[in-house]
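Below is one structure, written out as structure tokens; the observations come after it.
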Amino acid sequence: MSSEATGSSISTQKVSHPVRAPWYFNDYLVLALRLVLAAVFIYAALQKIGRPLAFADEIRMYRILDIGPLLYIMAIALPWIELFCGLSLLTGLLMRGSALIFFVLNAVFLVAVLIRTAGIMGEEGIGFMSVYFDCGCGFGATHAWKKLLEDSAFFLFSLVILLKPDYRFVLNKSRRSP
Amino acid sequence: MNRLKSAVLQAITLLLVGLIVSFAHNSYSVNGINPFREVAEVPVLTEPEFDGTDGIRIIDLGGLEKAFAEGALLIDARTKTEYKEGHIPGAFLIDYYELGRYLKELLPTLDPARRTIVYCYGPDCEDAELLARELYMLGFTDLHVYRGGYEDWVDSGRTIEGGLDQ
């Protein structure tokens, strides 16, 4: 359109080249990140759904959310929210919203695991690499450093999905975003 | 900016759907809990003999055997798998984390006035005390916790019972 408006001179034409998206927004990479996050969180959710009392006790271990009903509301609702967000990443429906939730959740998990790790190190007088506990994530006991690495990776995965301008491989008919 | 707005709106939608479905499921599930439940602040008493004072008493191996011989009810608060692998002879299983299901089946058959002893894995686990608190809220009055738990029982060389499914 601009070439017609500016006349016949080729030298004055503005040719707009599409901006090349950074490598981390590659459609196949983002699809892989979605599938990994969806698989992990759907599995974790299914381990916790229907066991609110057990999950409440696991959250209580963190000693940061022992505020009456809030703890139980979290124990009831969080597994279902994880399940719906996992399904959203799988299907592409409301995906930017689920990416935002996973981004915030993983940031909170990171801080919580760091605080608990520091607490265990202080109480038991052991080094960072030796801290081993059940994080209450639905995957049993693990080393704190592994959990921190995992949460950091999930945090980055959800950030990439959240910031990607356009989505592909989604169930929405219009493959446009938002 | 549009993308951020859309992300926030979608996140709110997902959170609302999650909240509604989870609370609906919780109200139907046998393991559902009341989020506004108050956990009883039950005094934990070290005097093993019941003297009418309200609270949960801590007993040792000798106290457990004596009480059991006198007809006390013994409850294993561990998981079904652990129970099946081995438990103190005569103990009933009430998995603390699936309380709703077990209480629905067992509660009508239990006498709250009967001396009741609860144990879990060992001295470091809290599940026996947590289960005792739940039973206290259900009206059980003569509650004891065998703090040594299954570990102490096995270490003392006593026989175990296994393979039974309650």
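Chain identifiers are assigned as A, B, and so on, following the order in which chains appear in the structure tokens; residues are numbered from 1 within each chain, and ligands are numbered from 1 in order of appearance.
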Could you list, as number ranges by chain, every residue of chain A that has an atom within 8 Å of an atom of chain B, counting only C-alpha atoms?
A: 50-54, 68-73, 76-78, 80-81, 84-85, 94-101, 162, 177-178
Those residues you just picked out, can you put them in a file as a PDB file, in the first residue's frame with N, CA and C atoms?
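Generated output (out.pdb):
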```pdb
ATOM      1  N   GLY A  50      -9.311 -34.719  45.960  1.00  0.00           N
ATOM      2  CA  GLY A  50     -10.030 -35.684  46.801  1.00  0.00           C
ATOM      3  C   GLY A  50      -9.281 -36.036  48.083  1.00  0.00           C
ATOM      4  N   ARG A  51      -8.124 -35.394  48.341  1.00  0.00           N
ATOM      5  CA  ARG A  51      -7.396 -35.635  49.596  1.00  0.00           C
ATOM      6  C   ARG A  51      -7.083 -34.289  50.255  1.00  0.00           C
ATOM      7  N   PRO A  52      -8.086 -33.452  50.482  1.00  0.00           N
ATOM      8  CA  PRO A  52      -7.791 -32.098  50.963  1.00  0.00           C
ATOM      9  C   PRO A  52      -7.095 -32.062  52.325  1.00  0.00           C
ATOM     10  N   LEU A  53      -7.437 -33.033  53.180  1.00  0.00           N
ATOM     11  CA  LEU A  53      -6.844 -33.028  54.519  1.00  0.00           C
ATOM     12  C   LEU A  53      -5.337 -33.290  54.431  1.00  0.00           C
ATOM     13  N   ALA A  54      -4.976 -34.282  53.607  1.00  0.00           N
ATOM     14  CA  ALA A  54      -3.555 -34.614  53.438  1.00  0.00           C
ATOM     15  C   ALA A  54      -2.816 -33.450  52.803  1.00  0.00           C
ATOM     16  N   GLY A  68      -6.086 -20.194  59.392  1.00  0.00           N
ATOM     17  CA  GLY A  68      -7.455 -20.698  59.456  1.00  0.00           C
ATOM     18  C   GLY A  68      -7.979 -21.241  58.137  1.00  0.00           C
ATOM     19  N   PRO A  69      -9.126 -20.706  57.670  1.00  0.00           N
ATOM     20  CA  PRO A  69      -9.796 -21.256  56.499  1.00  0.00           C
ATOM     21  C   PRO A  69      -8.982 -21.147  55.209  1.00  0.00           C
ATOM     22  N   LEU A  70      -8.084 -20.171  55.140  1.00  0.00           N
ATOM     23  CA  LEU A  70      -7.297 -19.978  53.908  1.00  0.00           C
ATOM     24  C   LEU A  70      -6.537 -21.238  53.514  1.00  0.00           C
ATOM     25  N   LEU A  71      -5.982 -21.897  54.523  1.00  0.00           N
ATOM     26  CA  LEU A  71      -5.225 -23.127  54.291  1.00  0.00           C
ATOM     27  C   LEU A  71      -6.121 -24.193  53.663  1.00  0.00           C
ATOM     28  N   TYR A  72      -7.345 -24.344  54.210  1.00  0.00           N
ATOM     29  CA  TYR A  72      -8.240 -25.384  53.716  1.00  0.00           C
ATOM     30  C   TYR A  72      -8.819 -25.022  52.347  1.00  0.00           C
ATOM     31  N   ILE A  73      -9.091 -23.724  52.144  1.00  0.00           N
ATOM     32  CA  ILE A  73      -9.609 -23.294  50.834  1.00  0.00           C
ATOM     33  C   ILE A  73      -8.560 -23.606  49.763  1.00  0.00           C
ATOM     34  N   ILE A  76      -8.412 -27.310  49.037  1.00  0.00           N
ATOM     35  CA  ILE A  76      -9.551 -27.786  48.243  1.00  0.00           C
ATOM     36  C   ILE A  76      -9.410 -27.326  46.787  1.00  0.00           C
ATOM     37  N   ALA A  77      -9.064 -26.034  46.605  1.00  0.00           N
ATOM     38  CA  ALA A  77      -9.157 -25.439  45.267  1.00  0.00           C
ATOM     39  C   ALA A  77      -7.897 -25.602  44.410  1.00  0.00           C
ATOM     40  N   LEU A  78      -6.717 -25.536  45.018  1.00  0.00           N
ATOM     41  CA  LEU A  78      -5.487 -25.514  44.208  1.00  0.00           C
ATOM     42  C   LEU A  78      -5.347 -26.701  43.240  1.00  0.00           C
ATOM     43  N   TRP A  80      -7.590 -28.421  41.743  1.00  0.00           N
ATOM     44  CA  TRP A  80      -8.526 -28.257  40.618  1.00  0.00           C
ATOM     45  C   TRP A  80      -8.071 -27.140  39.692  1.00  0.00           C
ATOM     46  N   ILE A  81      -7.550 -26.065  40.279  1.00  0.00           N
ATOM     47  CA  ILE A  81      -7.056 -24.958  39.444  1.00  0.00           C
ATOM     48  C   ILE A  81      -5.883 -25.461  38.596  1.00  0.00           C
ATOM     49  N   PHE A  84      -7.361 -27.555  35.712  1.00  0.00           N
ATOM     50  CA  PHE A  84      -7.954 -26.760  34.630  1.00  0.00           C
ATOM     51  C   PHE A  84      -6.879 -26.017  33.841  1.00  0.00           C
ATOM     52  N   CYS A  85      -5.877 -25.512  34.531  1.00  0.00           N
ATOM     53  CA  CYS A  85      -4.802 -24.795  33.824  1.00  0.00           C
ATOM     54  C   CYS A  85      -4.018 -25.779  32.944  1.00  0.00           C
ATOM     55  N   LEU A  94      -8.091 -20.463  26.634  1.00  0.00           N
ATOM     56  CA  LEU A  94      -7.738 -19.566  27.759  1.00  0.00           C
ATOM     57  C   LEU A  94      -6.261 -19.716  28.145  1.00  0.00           C
ATOM     58  N   MET A  95      -5.422 -19.976  27.138  1.00  0.00           N
ATOM     59  CA  MET A  95      -4.036 -20.354  27.438  1.00  0.00           C
ATOM     60  C   MET A  95      -3.212 -19.230  28.061  1.00  0.00           C
ATOM     61  N   ARG A  96      -3.462 -17.991  27.620  1.00  0.00           N
ATOM     62  CA  ARG A  96      -2.659 -16.915  28.208  1.00  0.00           C
ATOM     63  C   ARG A  96      -2.971 -16.790  29.702  1.00  0.00           C
ATOM     64  N   GLY A  97      -4.210 -17.041  30.047  1.00  0.00           N
ATOM     65  CA  GLY A  97      -4.597 -16.983  31.452  1.00  0.00           C
ATOM     66  C   GLY A  97      -3.934 -18.085  32.265  1.00  0.00           C
ATOM     67  N   SER A  98      -3.912 -19.303  31.717  1.00  0.00           N
ATOM     68  CA  SER A  98      -3.291 -20.398  32.477  1.00  0.00           C
ATOM     69  C   SER A  98      -1.781 -20.185  32.567  1.00  0.00           C
ATOM     70  N   ALA A  99      -1.180 -19.598  31.516  1.00  0.00           N
ATOM     71  CA  ALA A  99       0.261 -19.319  31.576  1.00  0.00           C
ATOM     72  C   ALA A  99       0.543 -18.306  32.681  1.00  0.00           C
ATOM     73  N   LEU A 100      -0.356 -17.314  32.818  1.00  0.00           N
ATOM     74  CA  LEU A 100      -0.175 -16.305  33.873  1.00  0.00           C
ATOM     75  C   LEU A 100      -0.292 -16.965  35.250  1.00  0.00           C
ATOM     76  N   ILE A 101      -1.285 -17.848  35.399  1.00  0.00           N
ATOM     77  CA  ILE A 101      -1.459 -18.523  36.696  1.00  0.00           C
ATOM     78  C   ILE A 101      -0.232 -19.378  37.020  1.00  0.00           C
ATOM     79  N   LEU A 162       3.457 -17.219  28.213  1.00  0.00           N
ATOM     80  CA  LEU A 162       2.695 -15.999  28.509  1.00  0.00           C
ATOM     81  C   LEU A 162       3.036 -14.871  27.533  1.00  0.00           C
ATOM     82  N   SER A 177      -4.013 -14.121  18.564  1.00  0.00           N
ATOM     83  CA  SER A 177      -3.913 -13.842  19.986  1.00  0.00           C
ATOM     84  C   SER A 177      -4.079 -12.344  20.179  1.00  0.00           C
ATOM     85  N   PRO A 178      -4.666 -11.890  21.233  1.00  0.00           N
ATOM     86  CA  PRO A 178      -5.095 -12.651  22.386  1.00  0.00           C
ATOM     87  C   PRO A 178      -6.441 -13.353  22.122  1.00  0.00           C
TER      88      PRO A 178
END
```
Could you pull out the strand (DSSP E or B) residues of chain B from DSSP and send them as a ChimeraX atom specification?
/B:44-45,56-59,73-76,87,92-93,116-119,143-146,161
Selection near range 154-159 of chain A, 7 Å with only C-alpha atoms, sequence-local residues under 6 positions removed, as a list in words:
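Skipping anything fewer than 6 positions along the chain leaves Leu33, Leu37, Ala99, Phe102, Phe103, Asn106 and Ala107 of chain A.
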With only C-alpha atoms as the counted atoms, please give the residues lying no more than 9 Å from range 52-56 of chain B, apart from itself and same-chain residues fewer than 4 positions off, as a count of residues only.
14
Check range 5-141 of chain B with DSSP on the backbone and list each residue it calls helix (DSSP H, G or I), as an MDAnalysis selection string.
chainID B and resid 5:28 61:69 80:85 96:109 127:137
